[in-house]
Structure formats: C-alpha cells, structure tokens
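Enquirer: Before anything else, here's the structure in question.
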Amino acid sequence: MFNICRNDAGYLTRILFCLIFLIVQHSAYALPPDTSGAKSLFEGLKNVPANKRVAEAGMMYKYKPGLRKAAPGAAMAGLDQLNRLAQALKDKSLECAVFEMRADYYSVNKGFNDLSIFWYQKAVDFATANHMPAETGLYLHKTGTYYATFKHNALACRYFLLSQEIFNQVGYAKIPDICYYLSQVADFYYSLGDYENAKANLEAALHYLPENKHDRINLLNTIGLIHRSYGEFPGAMDYFNKALKLAAAQKDTVWVGIAKGNIGSVYFLQGEYQKALPLVDTDYKISMKYGEPQNGVIALLRLIKINIDNRNFESAGQQLKSAESILRKTNVLSSWADYYDLRSQLLERLGQSAESMADRKIFERDKDSLAKRNNIAAVERVKLRYEIDKHNADVNKLKSDAEVQSVQIKAAAAVVILLMVISLLVYRNQRVKSKKDRELLIAEKRVVDEELKNAVSALNSFTASMRQKNILIENFKGEIERLKLQSEYNSDAGHLEKLMQAHIMTEESWHDFKKMFSKVYPGFFVSLSEKYPLLSSTDTRILTLIKLGLNNSEMANMLGITIEGIQKAKQRLRKKLDVTTLSDVGHDIAVQ
C-alpha cells in the first residue's frame, strides 16, 4: 500500500522510532486489565468508620499501595477501584476525595499542570452539586494551596478567599481541622509580608487550637513574630511567653530554645543587650544542637552585634567565622547581608578600612538583591490586595442585594401584617356588629315573645270570658223559657232577652276580638281569604271560633243564633269548602 523508495530510509527509521515510543508509552500509561473482579487495593476501607474513611484512604494512597509514585496507568486504575468502592458504599465524601487524589498525583509527578487544576475543579464541582458545603470549602482551600505551592499567589489568594467565605457560612466550629487551614492561609500571607492578614487568620485559629501541643506552640510563636515585625513589642512578648510556658510544660527543649531566643530578640531590638544575651545564646546553642541552622545563624548574628557594640571584638571575630561556615550551608540571602554588614562594622572598629569597605560593597549588593526581592513581594501584595478588595466588593454587593431583598421581604411582610391587622379589625367590628345585631334580635324576640305571651293570655282570657258569657246566656234562656211558661211574655222576660243580647258578639266586639286573635295567629285571616275567597263573614267567624275550640252551643250563643242554625251553617260550609271536618281547615291555615 505504501510506495517507499530507498531514499526514504530515514523516514522509515523515524516511523520505527515512533512505534517503539508508542509501545513503551502504552506499557507505562495504559490501564491494566479490568480489576473489578479482583480484590481492591482499598478493600479494607469497608471496615473503617465513615468519618475516618477519607483520612485512611489518603494514607493508603500515599503509602500503602504506593499509588502516589506509581506509573500513571496503574495509579489511575487504583484510584478507579477506590472510586467504585466509594460509590458502592454511597460515600460521597470519599468519592469527592478521589478527585483530589488524582489532582495530587499529577501535582507530585508533573509539578504545575493542567490536569491537577482540572481534577481540583472536579472535586469542587462534585461537592457543590451534592450540597456538601464543608467539602466545597475544603477543596477550594486545597486548590488555593496548590497555586500557592507553585507561586501563583493571586490565584491562590482568590481560592483562599472563596474557601474562607464558605467556611464562614458553615461555621468554623463545624469544620474539622479548621485551625490547620487557617494556619496555612496565615503562612501564605506571612511569606509575602502581608502580616495583617496573617495575624487575622492566626488569631481566628486561636479559637480552635489543635490538640497537638507543638502546633499550638507554633501558632502562638508565629503571632508573636507578627507583632515583632510591626514593632509591637509588648504584644510580641506576651505571645512568646505563652509559647515558652507551653513548651516548658511539654518539656520540648527545641521550642523552649526558640521561644527564649524570640524573647531575647525583643530585648535585642530594644537595645537591652544585658537581658537579651543569655536568651539569644540559649537559642543559638539549642538551634544548632537540634538541627535548626537557619534559626541558629540568626541568633549567632545577634550575638555578634552585641559583642561588637560591647567592644568584645575577639569574640565577635570568632563568631563571624562560625556564622560564615553555617551560611555556606544555609545560603540565606538576608542572613548573608547581615553577616557582611557586621563584618564591615567589626573591621571598621579594628581600623581595617579597606577591608571594611570591601565588605560594605558586598553588603550593599546583597541589600539591593533583597530590595528587588522585597519589591517583587510588594507587587505580589498589591495583586493580593486587588484580589481581596475585589472579593470584598463582590461580597458587599451580595450583602447589599441581600439587604435590599431583606427590605423588600420586610416591606411585603409589613403589608401582609397590616392587611391582617385591618382584616382583624374588620372581623372584630363585624363580630361586634353581629353581636349587637344578635342582642337586638334577642331583645326584639323577647319583646315579640312577651307580646305574643300577652296576646295568648288575652285571647285565652277572652275565650274564657266568652264561655262564661255562654253560661250566662244559657241561664238567661232557661229563665226566659220558664217565665214564658208561667205567664205571658212580660217585661221581665223582655229585660232578660235584652241582657242576653248584650252578651252576644256584636260587630264592634268582633272587630276587637279579631285584633286580639291576629296577634296570636298572625296572618290567619289573610291566608284564609286567600285560600277560600268565597267565604262569608259568618263563615269566617264560625271557622275562627272552631279554631278556638268552641262547641256548637257556645258558638250559637256567641253569634246569637240557634244550635240548629250553627249545624246548618257548618254543613253548608263543609259543602262549600269540600271538606269532611271543618276543624282541619283552621289547622291547615294555622300551619301556613
């Protein structure tokens, strides 16, 4: 398929080289065969409590399986196994930690690289998506630490600010090892000379002091150093003494020496050499004994300055030789500058002006280098300040928006409350009005009931009176008949008949009776005339008296007719109304 001539020998060589390279790369980077059926490297994690699983997995990743230094294919395959286990255990925290382990792997093996950044971001995104605020803050912090490690300070600052904002929202007390994270941020600011932010983070960390006493001592000592950097000597002395007390209680010889040396440095900077000398000398000896040459040479240079100022030139000269020997191993620029400055001072005091001038030039050179380095640090601080101010502006804007929203919510709540109050007042007024109406109705009903009671009583009295009159009429009738039988109709019989007529219901008395009856049975006469429009006045009177329960004799006496007249009138009335019993008529009208 390929037409290759002899002139392409070099081309063939390059192809073969590429093939060999690909084979080597495949063996190094390709994933091993599927190990899902094989025993996982992290199998033992199943027996670890959930709250300790991430820490244990991190230790296993770094040391036990050796994945951190393994070939990429093997390392990623092992982490794939860990990820499957995390999913099987439904452990979101462990699953999130796997992303961070992948980021750490590429950081350790490739330095600053895009893959680490990718995996750190995946950890943050996963924690955010699964509503894990503590983990979100943690992996933002770790991303910041990654950038800080490789001196991308502006980005590091940005991520530290984001992480601390989330830690604040969650609450520092709820974040495990928060003191450690705050100390890391403090170290970041301290390394750039931003002592103010370093101090703020360390003071916050003091509220969550670690169990490890050495960490506590280091924390207190660092705050003391910050106070010393600002020339706040009483504050520095206070923290150095606290560190010394804790170190002495722990019998930590190294920290006892460092703390004493720092206390001595405060005296030294204030020119109190007599107090400073024994403390600085102790710091130097302990530092050199326990392998802290960088701290030791700083203490030694202070001793040299004390001896020069006290005119102990021989001791100062011997100490300068020791300092030079140490500096050749540590090679710290700031200490070299101090060394040449002190040697120039000593040579000047000894009258060796030429040599002093030569050392002064070296000192000036180192001082310039330090100035350049400090300028770079100053530029970094400016960048950090920009990031901090920008972040604070964003936070303030969010707070402002939240305050506006809060005002709107409060205003809406006030309107709702106002409407509720108005509704309540309206409801209360309605209740009061209803109560008054109810009371009025009750009072009116009481009056009506009283009137009805009186009407019933009056009607009953009237009815009883009519029955009494009927008795009198019956008596009159009997007496009239007796008188008629005794003799011819005489004046006595005539008087009795007139008296009897006086007790018969007249038109006027019927009118009064009708009013009284209507109070007890309102609407009776109207309903009667509506239902039976052809009734005569006599028919109406008969039905009314039937309603009152009067018998034929009583009705006859009341109306001034005979019983036979009543019976015939009732018969005609039944036929007219087409009913069997007239009492039913009165009952039906009463119901209506």
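Labeling convention for the structure tokens: chains A, B, ... as they appear, residues from 1 per chain, ligands from 1 in order of appearance.
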Using only C-alpha atoms, which residues of stretch 93-195 of chain A come within 12 Å of stretch 85-89 of chain A, and what is the closest atom pair for each, with the distance in Å to one decimal? Give it as a tab-separated table, sorted by chain and residue number.
Expert:
```
residue	atom	partner	partner_atom	distance
A:Ser93	CA	A:Ala86	CA	8.3
A:Leu94	CA	A:Ala86	CA	5.7
A:Glu95	CA	A:Ala86	CA	5.3
A:Cys96	CA	A:Ala86	CA	9.0
A:Ala97	CA	A:Ala86	CA	9.6
A:Val98	CA	A:Ala86	CA	8.8
A:Phe99	CA	A:Ala86	CA	11.7
```
Enquirer: Keeping only N, CA, C and O atoms, take the residues you just selected and write them out as a PDB file, in the first residue's frame.
Expert:
```pdb
ATOM      1  N   SER A  93     -18.306  11.747  50.362  1.00  0.00           N
ATOM      2  CA  SER A  93     -17.065  12.400  50.803  1.00  0.00           C
ATOM      3  C   SER A  93     -15.846  11.677  50.246  1.00  0.00           C
ATOM      4  O   SER A  93     -14.889  12.310  49.787  1.00  0.00           O
ATOM      5  N   LEU A  94     -15.884  10.346  50.279  1.00  0.00           N
ATOM      6  CA  LEU A  94     -14.767   9.564  49.745  1.00  0.00           C
ATOM      7  C   LEU A  94     -14.689   9.719  48.225  1.00  0.00           C
ATOM      8  O   LEU A  94     -13.606   9.851  47.654  1.00  0.00           O
ATOM      9  N   GLU A  95     -15.845   9.727  47.582  1.00  0.00           N
ATOM     10  CA  GLU A  95     -15.886   9.890  46.127  1.00  0.00           C
ATOM     11  C   GLU A  95     -15.280  11.239  45.731  1.00  0.00           C
ATOM     12  O   GLU A  95     -14.544  11.348  44.748  1.00  0.00           O
ATOM     13  N   CYS A  96     -15.574  12.252  46.526  1.00  0.00           N
ATOM     14  CA  CYS A  96     -15.031  13.588  46.282  1.00  0.00           C
ATOM     15  C   CYS A  96     -13.513  13.596  46.498  1.00  0.00           C
ATOM     16  O   CYS A  96     -12.770  14.244  45.751  1.00  0.00           O
ATOM     17  N   ALA A  97     -13.053  12.871  47.515  1.00  0.00           N
ATOM     18  CA  ALA A  97     -11.621  12.835  47.834  1.00  0.00           C
ATOM     19  C   ALA A  97     -10.815  12.185  46.713  1.00  0.00           C
ATOM     20  O   ALA A  97      -9.637  12.503  46.533  1.00  0.00           O
ATOM     21  N   VAL A  98     -11.441  11.273  45.959  1.00  0.00           N
ATOM     22  CA  VAL A  98     -10.734  10.607  44.849  1.00  0.00           C
ATOM     23  C   VAL A  98     -10.300  11.640  43.804  1.00  0.00           C
ATOM     24  O   VAL A  98      -9.203  11.563  43.251  1.00  0.00           O
ATOM     25  N   PHE A  99     -11.168  12.634  43.540  1.00  0.00           N
ATOM     26  CA  PHE A  99     -10.795  13.702  42.603  1.00  0.00           C
ATOM     27  C   PHE A  99      -9.537  14.418  43.087  1.00  0.00           C
ATOM     28  O   PHE A  99      -8.630  14.710  42.315  1.00  0.00           O
TER      29      PHE A  99
END
```
Enquirer: For stretch 574-585 of chain A, work out the shell of residues within 12 Å, counting only C-alpha atoms and skipping chain neighbours fewer than 3 positions away, then give it as a JSON list (two decimals) with C-alpha atoms, in the first residue's frame.
Expert:
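Saved file selection27.json follows:
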```
[["chain", "number", "residue", "atom", "x", "y", "z"],
["A", 524, "PHE", "CA", -104.71, 33.69, 59.80],
["A", 527, "SER", "CA", -104.37, 33.21, 54.49],
["A", 528, "LEU", "CA", -107.99, 32.14, 55.00],
["A", 531, "LYS", "CA", -107.22, 30.10, 50.20],
["A", 532, "TYR", "CA", -111.03, 30.39, 50.39],
["A", 533, "PRO", "CA", -112.03, 33.70, 48.72],
["A", 534, "LEU", "CA", -115.79, 32.82, 48.66],
["A", 535, "LEU", "CA", -116.19, 32.75, 52.46],
["A", 536, "SER", "CA", -118.81, 34.99, 54.02],
["A", 539, "ASP", "CA", -118.23, 31.53, 57.63],
["A", 540, "THR", "CA", -115.10, 33.31, 58.81],
["A", 542, "ILE", "CA", -117.51, 30.09, 62.55],
["A", 543, "LEU", "CA", -114.01, 28.92, 61.43],
["A", 544, "THR", "CA", -112.38, 31.33, 63.91],
["A", 545, "LEU", "CA", -114.49, 30.03, 66.80],
["A", 546, "ILE", "CA", -113.78, 26.42, 65.71],
["A", 547, "LYS", "CA", -110.05, 27.36, 65.87],
["A", 548, "LEU", "CA", -110.58, 28.39, 69.50],
["A", 549, "GLY", "CA", -112.22, 25.03, 70.22],
["A", 550, "LEU", "CA", -115.79, 26.23, 70.98],
["A", 551, "ASN", "CA", -118.63, 23.74, 70.60],
["A", 567, "GLN", "CA", -125.21, 22.97, 62.45],
["A", 568, "LYS", "CA", -126.75, 24.03, 59.15],
["A", 569, "ALA", "CA", -124.15, 26.78, 58.71],
["A", 570, "LYS", "CA", -121.37, 24.20, 59.28],
["A", 571, "GLN", "CA", -122.97, 21.79, 56.83],
["A", 588, "ASP", "CA", -104.18, 23.99, 57.91],
["A", 589, "ILE", "CA", -104.46, 27.77, 57.98],
["A", 590, "ALA", "CA", -102.55, 27.91, 61.28],
["A", 591, "VAL", "CA", -99.73, 25.84, 59.83],
["A", 592, "GLN", "CA", -99.41, 28.21, 56.91]]
```
Enquirer: Please, what distance in Å, to one decimal, runs between atom CA of A:Thr222 and atom CA of A:Leu202?
Expert: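 These two atoms are separated by 8.1 Å.
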Enquirer: Neighbouring residues of stretch 232-238 of chain A were defined as those with any atom within 9 Å, considering only C-alpha atoms; residues of the same chain fewer than 3 positions away were excluded. Please report them as a list in words.
Expert: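 Result of the neighbour search: Asn221, Ile223, Gly224, Leu225, Ile226, His227, Arg228, Ser229, Asn241, Lys242, Ala243, Asn262, Ile263, Val266, Tyr267 and Gln270 of chain A.
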Enquirer: I'd like the interatomic distance between atom CA of A:Pro133 and atom CA of A:Ala148, to a tenth of an Å.
Expert: 22.5 Å
